[in-house]
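Note sheet for the following structure.
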Amino acid sequence: MSDIHLNILIQLAKIDGIVVQEEIDLINEVGKANGLTEEEIMAFYDQEMTLENLSELKDDEKYELIYSVVQLMKIDGKLYNEEIKYCAKMAARLGYDENVLFELMLKIYADPDLCADKESLKKEIQKFLIS
């Protein structure tokens with residue numbers, strides 16, 4: 001995981017003006033799973049970030065990022081236009097066809113436990129990479 005990944009999750013959580021506990025928990029889980037302390041994770045909340053350097057990520061990193069972003073959008077049970085616009089812009093900067101976001105949303109939203117088979121889904125989603 002890169003700093004970019006964690007920062008994007010935090011920026012998405014903040015986009016609707018309210019960061020709910022479920023979003024914080026998912027962000028902490030991702031950060032801790034990648035060796036960050038709680039203090040290091042909290043420092044990311046104060047950082048702003050643009051979406052310009054996403055094309056440098058490896059294909060696997062791009063998938064992990066887009067997957068976790070859609071998971072985070074789902075976690076509070078509400079979808080906001082700002083979230084969708086942000087994610088669509090991010091998907092394009094990652095090099096995905098615009099339809100990837102809708103495909104992922106359908107698959108992840110259909111799974112009430114956020115436990116979609118990530119590897120088989122990854123094969124489907126990587127077909128949307130255009131760069």
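In the structure tokens, chains take letters A, B, ... by order of appearance, with residues numbered from 1 within each chain and ligands from 1 in the order shown.
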Compile the contact shell of range 10-21 of chain A as a list of chain:residue names: residues with an atom at most 8 Å away, counting only C-alpha atoms, same-chain residues fewer than 2 positions apart removed.
A:Leu6, A:Asn7, A:Ile8, A:Glu23, A:Ile24, A:Asp25, A:Ile27, A:Phe44, A:Tyr45, A:Glu48, A:Met49, A:Val69, A:Leu72, A:Met73, A:Asp76, A:Tyr80, A:Glu82, A:Glu83, A:Tyr86
Can you list, as number ranges by chain, every protein, DNA or RNA residue that comes within 6 Å of Phe128 in chain A when you count only C-alpha atoms, leaving out same-chain residues fewer than 5 positions away?
A: 96-97, 100
Take the residues from that selection and write them out as a JSON list (two decimals), in the first residue's frame, keeping N, CA and C atoms.
[["chain", "number", "residue", "atom", "x", "y", "z"],
["A", 96, "TYR", "N", -8.43, 3.43, -15.90],
["A", 96, "TYR", "CA", -9.57, 2.55, -16.13],
["A", 96, "TYR", "C", -10.60, 3.21, -17.05],
["A", 97, "ASP", "N", -11.29, 2.39, -17.81],
["A", 97, "ASP", "CA", -12.45, 2.83, -18.57],
["A", 97, "ASP", "C", -13.50, 3.30, -17.56],
["A", 100, "VAL", "N", -15.76, 0.98, -15.26],
["A", 100, "VAL", "CA", -15.25, 0.15, -14.18],
["A", 100, "VAL", "C", -15.93, 0.47, -12.85]]
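The gap separating CA of Val70 in chain A from CA of Met105 in chain A is 6.3 Å, in Å to one decimal.
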Find the residue from A:Gly31, A:Ala91, A:Asp46, A:Ala110 that sits nearest to Tyr67 in chain A; use only C-alpha atoms when measuring.
A:Ala91
Near Ser68 in chain A, within 9 Å and counting only C-alpha atoms, which residues show up once chain neighbours fewer than 5 positions away are dropped, as a ChimeraX atom specification?
/A:5,9,26,30,63,73
Quick one: distance from CA of Gln71 in chain A to CA of Glu39 in chain A in Å, one decimal?
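Rounded to one decimal, the two atoms are 23.3 Å apart.
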